[in-house]
Amino acid sequence: MTVAVANFLTLPSDETQAPAPTGEAVCRESPDVALLVRQAQAGDAAAFGRLVAMHERAVLRAAMAALGSRADAEDAAQDAFVMAWRRLATFRGDAQFRTWLLTIAWRKALDRRRRLVLWRQRSTPVTGRFGTVVEHDPLTHLAEPAADPESRAIASDAARRVRAEIEKLTPKLRDTLLLAASGDHSYEEIAAMLRVPLGTVKSRLNRARSRFAEIVAPLLD
């Protein structure tokens, strides 16, 4: 993820947006998804299972951005799907089903993060992100090794610097950056998850891009 963040931050701002429909299509559900939602709302568990399969990756990546640990992210994603199933009757189509689901997932991930921070503060030394070192921190997942030792050393050093700077960010800026760098969420979806205007998402990412401009350059040489 560190290299993914670095690459994301160096792209021109008009290339960092995850593909998404524009205009009226932003709120228009695809026919297949709309049908599955109607079937699931009528009690069809198999239809809901197909919706889960379609959106599982995006939900998990959102939870990973909040939690850092894959195991915790999987638990939060499971909680989100259970809640979505229970609350299907409340879905009215004001936003896309995917956006509605991602918003639930983000809330569940934040709830779990708050609980983990409190637990770790009480039981373990503070040694890393969110209160302690976690086994599957997404910031440790680097891209493929470079071809030669010198390039690998440069990339490794720059990646460590990127990671250190990411850990210094405020939670609001870090959450926005990690969600965007995952490549699975449009800016509109990120804004919905974070409950902020679209302009705030863009502003936060511009701030991050400016802050990291010098640090990420060695990763791209």
# chains A, B, ... in the order shown; residues from 1 in each chain; ligands from 1
call {"tool": "residues_around", "arguments": {"residues": "A:Val196", "least_positions_apart": "5", "cutoff": "12 Å", "atoms": "only C-alpha atoms", "output": "list in words"}}
result
Thr103, Lys172, Thr176, Tyr187, Glu188, Glu189, Ile190, Ala191, Val201, Lys202, Ser203 and Arg204 of chain A
call {"tool": "write_last_selection", "arguments": {"atoms": "all heavy atoms", "output": "mmCIF file, in the first residue's frame"}}
result
data_model
loop_
_atom_site.group_PDB
_atom_site.id
_atom_site.type_symbol
_atom_site.label_atom_id
_atom_site.label_comp_id
_atom_site.auth_asym_id
_atom_site.auth_seq_id
_atom_site.Cartn_x
_atom_site.Cartn_y
_atom_site.Cartn_z
ATOM 1 N N THR A 103 -20.970 3.088 3.058
ATOM 2 C CA THR A 103 -21.161 3.972 4.206
ATOM 3 C C THR A 103 -21.381 3.162 5.483
ATOM 4 O O THR A 103 -20.828 3.484 6.542
ATOM 5 C CB THR A 103 -22.351 4.919 3.961
ATOM 6 O OG1 THR A 103 -22.107 5.680 2.767
ATOM 7 C CG2 THR A 103 -22.542 5.868 5.129
ATOM 8 N N LYS A 172 -8.261 12.230 9.824
ATOM 9 C CA LYS A 172 -9.127 12.642 8.713
ATOM 10 C C LYS A 172 -8.378 12.626 7.390
ATOM 11 O O LYS A 172 -8.889 12.126 6.376
ATOM 12 C CB LYS A 172 -9.688 14.037 8.978
ATOM 13 C CG LYS A 172 -10.712 14.093 10.095
ATOM 14 C CD LYS A 172 -11.240 15.503 10.287
ATOM 15 C CE LYS A 172 -12.280 15.557 11.396
ATOM 16 N NZ LYS A 172 -12.798 16.928 11.617
ATOM 17 N N THR A 176 -8.788 9.657 4.315
ATOM 18 C CA THR A 176 -9.111 10.078 2.955
ATOM 19 C C THR A 176 -8.062 9.578 1.972
ATOM 20 O O THR A 176 -8.390 9.063 0.894
ATOM 21 C CB THR A 176 -9.205 11.606 2.877
ATOM 22 O OG1 THR A 176 -10.100 12.094 3.884
ATOM 23 C CG2 THR A 176 -9.700 12.052 1.512
ATOM 24 N N TYR A 187 -14.393 9.389 -5.649
ATOM 25 C CA TYR A 187 -14.400 10.497 -4.695
ATOM 26 C C TYR A 187 -15.795 10.680 -4.089
ATOM 27 O O TYR A 187 -15.934 11.024 -2.919
ATOM 28 C CB TYR A 187 -13.966 11.795 -5.383
ATOM 29 C CG TYR A 187 -12.484 11.887 -5.683
ATOM 30 C CD1 TYR A 187 -11.614 10.843 -5.353
ATOM 31 C CD2 TYR A 187 -11.956 13.016 -6.297
ATOM 32 C CE1 TYR A 187 -10.265 10.935 -5.631
ATOM 33 C CE2 TYR A 187 -10.596 13.115 -6.575
ATOM 34 C CZ TYR A 187 -9.757 12.063 -6.246
ATOM 35 O OH TYR A 187 -8.410 12.161 -6.524
ATOM 36 N N GLU A 188 -16.832 10.477 -4.906
ATOM 37 C CA GLU A 188 -18.200 10.610 -4.397
ATOM 38 C C GLU A 188 -18.466 9.582 -3.296
ATOM 39 O O GLU A 188 -19.100 9.891 -2.279
ATOM 40 C CB GLU A 188 -19.214 10.430 -5.536
ATOM 41 C CG GLU A 188 -19.270 11.592 -6.516
ATOM 42 C CD GLU A 188 -18.169 11.531 -7.566
ATOM 43 O OE1 GLU A 188 -17.378 10.563 -7.572
ATOM 44 O OE2 GLU A 188 -18.101 12.469 -8.391
ATOM 45 N N GLU A 189 -17.982 8.357 -3.490
ATOM 46 C CA GLU A 189 -18.162 7.321 -2.467
ATOM 47 C C GLU A 189 -17.379 7.653 -1.202
ATOM 48 O O GLU A 189 -17.868 7.440 -0.081
ATOM 49 C CB GLU A 189 -17.730 5.966 -3.033
ATOM 50 C CG GLU A 189 -18.676 5.414 -4.089
ATOM 51 C CD GLU A 189 -18.107 4.230 -4.833
ATOM 52 O OE1 GLU A 189 -16.887 3.981 -4.758
ATOM 53 O OE2 GLU A 189 -18.884 3.537 -5.515
ATOM 54 N N ILE A 190 -16.165 8.164 -1.374
ATOM 55 C CA ILE A 190 -15.363 8.552 -0.212
ATOM 56 C C ILE A 190 -16.058 9.669 0.558
ATOM 57 O O ILE A 190 -16.120 9.649 1.794
ATOM 58 C CB ILE A 190 -13.951 8.984 -0.651
ATOM 59 C CG1 ILE A 190 -13.201 7.784 -1.249
ATOM 60 C CG2 ILE A 190 -13.167 9.559 0.523
ATOM 61 C CD1 ILE A 190 -11.893 8.151 -1.914
ATOM 62 N N ALA A 191 -16.594 10.630 -0.154
ATOM 63 C CA ALA A 191 -17.312 11.722 0.504
ATOM 64 C C ALA A 191 -18.505 11.196 1.298
ATOM 65 O O ALA A 191 -18.764 11.640 2.423
ATOM 66 C CB ALA A 191 -17.781 12.746 -0.540
ATOM 67 N N VAL A 201 -13.008 16.263 0.189
ATOM 68 C CA VAL A 201 -12.175 15.121 -0.202
ATOM 69 C C VAL A 201 -11.063 15.581 -1.128
ATOM 70 O O VAL A 201 -9.881 15.250 -0.931
ATOM 71 C CB VAL A 201 -13.027 14.034 -0.893
ATOM 72 C CG1 VAL A 201 -12.136 12.944 -1.498
ATOM 73 C CG2 VAL A 201 -14.018 13.430 0.087
ATOM 74 N N LYS A 202 -11.408 16.354 -2.132
ATOM 75 C CA LYS A 202 -10.406 16.836 -3.090
ATOM 76 C C LYS A 202 -9.386 17.731 -2.406
ATOM 77 O O LYS A 202 -8.177 17.647 -2.694
ATOM 78 C CB LYS A 202 -11.100 17.573 -4.231
ATOM 79 C CG LYS A 202 -11.986 16.682 -5.090
ATOM 80 C CD LYS A 202 -12.656 17.480 -6.202
ATOM 81 C CE LYS A 202 -13.513 16.577 -7.082
ATOM 82 N NZ LYS A 202 -14.189 17.340 -8.161
ATOM 83 N N SER A 203 -9.841 18.583 -1.495
ATOM 84 C CA SER A 203 -8.930 19.473 -0.785
ATOM 85 C C SER A 203 -7.938 18.690 0.067
ATOM 86 O O SER A 203 -6.736 18.987 0.088
ATOM 87 C CB SER A 203 -9.732 20.437 0.091
ATOM 88 O OG SER A 203 -8.873 21.225 0.894
ATOM 89 N N ARG A 204 -8.421 17.665 0.764
ATOM 90 C CA ARG A 204 -7.533 16.852 1.595
ATOM 91 C C ARG A 204 -6.484 16.143 0.749
ATOM 92 O O ARG A 204 -5.314 16.052 1.135
ATOM 93 C CB ARG A 204 -8.346 15.831 2.394
ATOM 94 C CG ARG A 204 -9.201 16.423 3.498
ATOM 95 C CD ARG A 204 -10.019 15.344 4.191
ATOM 96 N NE ARG A 204 -10.885 15.906 5.222
ATOM 97 C CZ ARG A 204 -11.762 15.201 5.924
ATOM 98 N NH1 ARG A 204 -11.884 13.896 5.709
ATOM 99 N NH2 ARG A 204 -12.520 15.779 6.839
#
call {"tool": "residues_around", "arguments": {"residues": "A:Ala89", "least_positions_apart": "6", "cutoff": "12 Å", "atoms": "only C-alpha atoms", "output": "list in words"}}
result
Val37, Arg38, Gln39, Ala40, Gln41, Ala42, Gly43 and Met83 of chain A
call {"tool": "write_last_selection", "arguments": {"atoms": "all heavy atoms", "output": "PDB file, in the first residue's frame"}}
result
ATOM      1  N   VAL A  37     -31.330  -6.048  -5.625  1.00  0.00           N
ATOM      2  CA  VAL A  37     -31.752  -5.321  -4.415  1.00  0.00           C
ATOM      3  C   VAL A  37     -33.229  -5.570  -4.157  1.00  0.00           C
ATOM      4  O   VAL A  37     -33.627  -5.854  -3.011  1.00  0.00           O
ATOM      5  CB  VAL A  37     -31.468  -3.814  -4.555  1.00  0.00           C
ATOM      6  CG1 VAL A  37     -32.136  -3.039  -3.421  1.00  0.00           C
ATOM      7  CG2 VAL A  37     -29.964  -3.558  -4.545  1.00  0.00           C
ATOM      8  N   ARG A  38     -34.053  -5.480  -5.184  1.00  0.00           N
ATOM      9  CA  ARG A  38     -35.496  -5.721  -5.006  1.00  0.00           C
ATOM     10  C   ARG A  38     -35.753  -7.143  -4.528  1.00  0.00           C
ATOM     11  O   ARG A  38     -36.586  -7.381  -3.638  1.00  0.00           O
ATOM     12  CB  ARG A  38     -36.246  -5.455  -6.310  1.00  0.00           C
ATOM     13  CG  ARG A  38     -36.303  -3.986  -6.709  1.00  0.00           C
ATOM     14  CD  ARG A  38     -37.360  -3.756  -7.777  1.00  0.00           C
ATOM     15  NE  ARG A  38     -37.061  -4.499  -8.999  1.00  0.00           N
ATOM     16  CZ  ARG A  38     -36.323  -4.013  -9.997  1.00  0.00           C
ATOM     17  NH1 ARG A  38     -35.773  -2.794  -9.901  1.00  0.00           N
ATOM     18  NH2 ARG A  38     -36.104  -4.739 -11.078  1.00  0.00           N
ATOM     19  N   GLN A  39     -35.038  -8.094  -5.107  1.00  0.00           N
ATOM     20  CA  GLN A  39     -35.215  -9.481  -4.692  1.00  0.00           C
ATOM     21  C   GLN A  39     -34.775  -9.689  -3.243  1.00  0.00           C
ATOM     22  O   GLN A  39     -35.444 -10.383  -2.468  1.00  0.00           O
ATOM     23  CB  GLN A  39     -34.416 -10.404  -5.615  1.00  0.00           C
ATOM     24  CG  GLN A  39     -34.976 -10.469  -7.040  1.00  0.00           C
ATOM     25  CD  GLN A  39     -34.066 -11.237  -7.989  1.00  0.00           C
ATOM     26  OE1 GLN A  39     -32.860 -11.375  -7.753  1.00  0.00           O
ATOM     27  NE2 GLN A  39     -34.635 -11.740  -9.076  1.00  0.00           N
ATOM     28  N   ALA A  40     -33.650  -9.067  -2.879  1.00  0.00           N
ATOM     29  CA  ALA A  40     -33.156  -9.185  -1.509  1.00  0.00           C
ATOM     30  C   ALA A  40     -34.118  -8.528  -0.528  1.00  0.00           C
ATOM     31  O   ALA A  40     -34.363  -9.056   0.573  1.00  0.00           O
ATOM     32  CB  ALA A  40     -31.772  -8.565  -1.394  1.00  0.00           C
ATOM     33  N   GLN A  41     -34.684  -7.399  -0.900  1.00  0.00           N
ATOM     34  CA  GLN A  41     -35.645  -6.722  -0.033  1.00  0.00           C
ATOM     35  C   GLN A  41     -36.908  -7.556   0.158  1.00  0.00           C
ATOM     36  O   GLN A  41     -37.601  -7.410   1.167  1.00  0.00           O
ATOM     37  CB  GLN A  41     -35.997  -5.350  -0.597  1.00  0.00           C
ATOM     38  CG  GLN A  41     -34.877  -4.332  -0.451  1.00  0.00           C
ATOM     39  CD  GLN A  41     -35.228  -2.985  -1.056  1.00  0.00           C
ATOM     40  OE1 GLN A  41     -35.849  -2.909  -2.118  1.00  0.00           O
ATOM     41  NE2 GLN A  41     -34.827  -1.912  -0.390  1.00  0.00           N
ATOM     42  N   ALA A  42     -37.171  -8.429  -0.804  1.00  0.00           N
ATOM     43  CA  ALA A  42     -38.327  -9.331  -0.686  1.00  0.00           C
ATOM     44  C   ALA A  42     -37.994 -10.584   0.115  1.00  0.00           C
ATOM     45  O   ALA A  42     -38.839 -11.463   0.269  1.00  0.00           O
ATOM     46  CB  ALA A  42     -38.832  -9.713  -2.078  1.00  0.00           C
ATOM     47  N   GLY A  43     -36.752 -10.664   0.605  1.00  0.00           N
ATOM     48  CA  GLY A  43     -36.376 -11.791   1.449  1.00  0.00           C
ATOM     49  C   GLY A  43     -35.522 -12.848   0.782  1.00  0.00           C
ATOM     50  O   GLY A  43     -35.258 -13.893   1.378  1.00  0.00           O
ATOM     51  N   MET A  83     -25.555  -5.973   9.006  1.00  0.00           N
ATOM     52  CA  MET A  83     -26.390  -4.790   9.216  1.00  0.00           C
ATOM     53  C   MET A  83     -27.127  -4.400   7.945  1.00  0.00           C
ATOM     54  O   MET A  83     -28.307  -4.006   7.983  1.00  0.00           O
ATOM     55  CB  MET A  83     -25.547  -3.622   9.717  1.00  0.00           C
ATOM     56  CG  MET A  83     -26.351  -2.334   9.903  1.00  0.00           C
ATOM     57  SD  MET A  83     -25.432  -1.009  10.716  1.00  0.00           S
ATOM     58  CE  MET A  83     -25.475  -1.624  12.406  1.00  0.00           C
TER      59      MET A  83
END
call {"tool": "closest_residue", "arguments": {"among": "A:Ala180, A:Val117, A:Leu198, A:Leu205", "to": "A:Leu67", "atoms": "only C-alpha atoms"}}
result
A:Val117
call {"tool": "residues_around", "arguments": {"residues": "A:Met64", "least_positions_apart": "3", "cutoff": "12 Å", "atoms": "only C-alpha atoms", "output": "PyMOL selection string"}}
result
chain A and resi 1+57-61+67-77+105-106+108-110+112-113+134+136-139+141+175+178-179+181-182+184
call {"tool": "write_last_selection", "arguments": {"atoms": "N, CA, C and O atoms", "output": "compact mmCIF listing (two decimals), in the first residue's frame"}}
result
# COMPACT_ATOMS: atom_id res chain seq x y z
N MET A 1 0.82 -1.21 0.00
CA MET A 1 0.00 0.00 0.00
C MET A 1 0.85 1.25 0.00
O MET A 1 0.46 2.28 -0.53
N ARG A 57 -15.02 -6.86 -2.24
CA ARG A 57 -13.68 -6.28 -2.34
C ARG A 57 -13.67 -4.82 -1.90
O ARG A 57 -12.83 -4.41 -1.10
N ALA A 58 -14.63 -4.03 -2.42
CA ALA A 58 -14.66 -2.61 -2.07
C ALA A 58 -14.93 -2.40 -0.59
O ALA A 58 -14.34 -1.52 0.05
N VAL A 59 -15.80 -3.21 -0.01
CA VAL A 59 -16.10 -3.12 1.42
C VAL A 59 -14.87 -3.46 2.24
O VAL A 59 -14.53 -2.77 3.21
N LEU A 60 -14.18 -4.54 1.87
CA LEU A 60 -12.99 -4.95 2.61
C LEU A 60 -11.89 -3.91 2.52
O LEU A 60 -11.21 -3.60 3.51
N ARG A 61 -11.69 -3.33 1.33
CA ARG A 61 -10.64 -2.32 1.18
C ARG A 61 -10.96 -1.07 2.00
O ARG A 61 -10.07 -0.42 2.53
N LEU A 67 -8.71 0.30 9.46
CA LEU A 67 -8.24 -0.56 10.54
C LEU A 67 -6.80 -1.04 10.42
O LEU A 67 -6.15 -1.33 11.42
N GLY A 68 -6.30 -1.18 9.21
CA GLY A 68 -4.93 -1.65 9.05
C GLY A 68 -4.77 -3.14 9.10
O GLY A 68 -3.94 -3.69 8.39
N SER A 69 -5.54 -3.84 9.89
CA SER A 69 -5.44 -5.28 10.04
C SER A 69 -6.47 -5.98 9.17
O SER A 69 -7.66 -5.65 9.22
N ARG A 70 -6.03 -6.95 8.38
CA ARG A 70 -6.97 -7.66 7.52
C ARG A 70 -8.00 -8.43 8.34
O ARG A 70 -9.17 -8.47 8.00
N ALA A 71 -7.55 -9.05 9.43
CA ALA A 71 -8.49 -9.81 10.26
C ALA A 71 -9.57 -8.89 10.83
O ALA A 71 -10.76 -9.23 10.80
N ASP A 72 -9.17 -7.74 11.33
CA ASP A 72 -10.15 -6.79 11.86
C ASP A 72 -11.05 -6.27 10.74
O ASP A 72 -12.25 -6.06 10.94
N ALA A 73 -10.46 -6.03 9.57
CA ALA A 73 -11.25 -5.54 8.43
C ALA A 73 -12.29 -6.57 8.00
O ALA A 73 -13.42 -6.22 7.67
N GLU A 74 -11.91 -7.83 8.00
CA GLU A 74 -12.86 -8.88 7.63
C GLU A 74 -14.02 -8.95 8.62
O GLU A 74 -15.18 -9.14 8.24
N ASP A 75 -13.70 -8.78 9.90
CA ASP A 75 -14.76 -8.77 10.92
C ASP A 75 -15.70 -7.59 10.72
O ASP A 75 -16.93 -7.72 10.82
N ALA A 76 -15.12 -6.41 10.45
CA ALA A 76 -15.94 -5.22 10.24
C ALA A 76 -16.80 -5.38 8.99
O ALA A 76 -17.96 -4.96 8.96
N ALA A 77 -16.23 -5.97 7.93
CA ALA A 77 -16.99 -6.19 6.70
C ALA A 77 -18.17 -7.13 6.95
O ALA A 77 -19.28 -6.90 6.47
N ALA A 105 -20.30 0.11 5.96
CA ALA A 105 -19.02 -0.55 6.24
C ALA A 105 -18.05 0.40 6.93
O ALA A 105 -17.33 0.01 7.87
N TRP A 106 -18.00 1.63 6.47
CA TRP A 106 -17.07 2.60 7.07
C TRP A 106 -17.45 2.88 8.53
O TRP A 106 -16.59 2.96 9.40
N LYS A 108 -18.99 0.85 10.57
CA LYS A 108 -18.64 -0.33 11.34
C LYS A 108 -17.13 -0.40 11.58
O LYS A 108 -16.68 -0.77 12.67
N ALA A 109 -16.35 -0.05 10.58
CA ALA A 109 -14.90 -0.07 10.73
C ALA A 109 -14.44 0.97 11.76
O ALA A 109 -13.55 0.70 12.58
N LEU A 110 -15.04 2.15 11.73
CA LEU A 110 -14.67 3.17 12.71
C LEU A 110 -15.06 2.76 14.12
O LEU A 110 -14.33 3.02 15.08
N ARG A 112 -15.19 -0.28 15.23
CA ARG A 112 -14.20 -1.28 15.66
C ARG A 112 -12.87 -0.61 15.96
O ARG A 112 -12.18 -0.99 16.91
N ARG A 113 -12.48 0.38 15.19
CA ARG A 113 -11.21 1.06 15.43
C ARG A 113 -11.21 1.73 16.80
O ARG A 113 -10.23 1.66 17.54
N VAL A 134 0.16 -3.99 14.17
CA VAL A 134 -0.78 -5.02 13.77
C VAL A 134 -0.14 -5.90 12.71
O VAL A 134 0.77 -5.49 12.00
N HIS A 136 -1.17 -7.23 9.86
CA HIS A 136 -1.38 -7.03 8.42
C HIS A 136 -1.62 -5.56 8.10
O HIS A 136 -2.59 -5.20 7.44
N ASP A 137 -0.77 -4.69 8.59
CA ASP A 137 -0.89 -3.26 8.29
C ASP A 137 -0.77 -3.05 6.79
O ASP A 137 0.22 -3.45 6.18
N PRO A 138 -1.78 -2.43 6.14
CA PRO A 138 -1.72 -2.27 4.69
C PRO A 138 -0.56 -1.41 4.23
O PRO A 138 -0.16 -1.47 3.08
N LEU A 139 -0.01 -0.59 5.11
CA LEU A 139 1.11 0.25 4.71
C LEU A 139 2.38 -0.56 4.47
O LEU A 139 3.34 -0.06 3.91
N HIS A 141 2.42 -3.37 2.70
CA HIS A 141 2.27 -4.15 1.47
C HIS A 141 2.84 -3.36 0.30
O HIS A 141 2.19 -2.46 -0.22
N ASP A 175 -7.27 8.85 6.56
CA ASP A 175 -8.39 8.03 6.08
C ASP A 175 -8.73 8.37 4.63
O ASP A 175 -8.93 7.47 3.80
N LEU A 178 -5.88 7.00 2.25
CA LEU A 178 -5.84 5.54 2.09
C LEU A 178 -7.04 5.03 1.30
O LEU A 178 -6.92 4.09 0.51
N LEU A 179 -8.20 5.63 1.51
CA LEU A 179 -9.37 5.24 0.72
C LEU A 179 -9.15 5.55 -0.76
O LEU A 179 -9.45 4.73 -1.63
N ALA A 181 -6.25 5.98 -2.35
CA ALA A 181 -5.13 5.22 -2.90
C ALA A 181 -5.48 3.76 -3.14
O ALA A 181 -4.81 3.09 -3.93
N SER A 182 -6.52 3.25 -2.49
CA SER A 182 -6.91 1.85 -2.71
C SER A 182 -7.36 1.62 -4.14
O SER A 182 -7.27 0.50 -4.66
N ASP A 184 -10.33 1.60 -5.22
CA ASP A 184 -11.63 0.92 -5.26
C ASP A 184 -12.81 1.85 -5.05
O ASP A 184 -13.95 1.41 -5.13
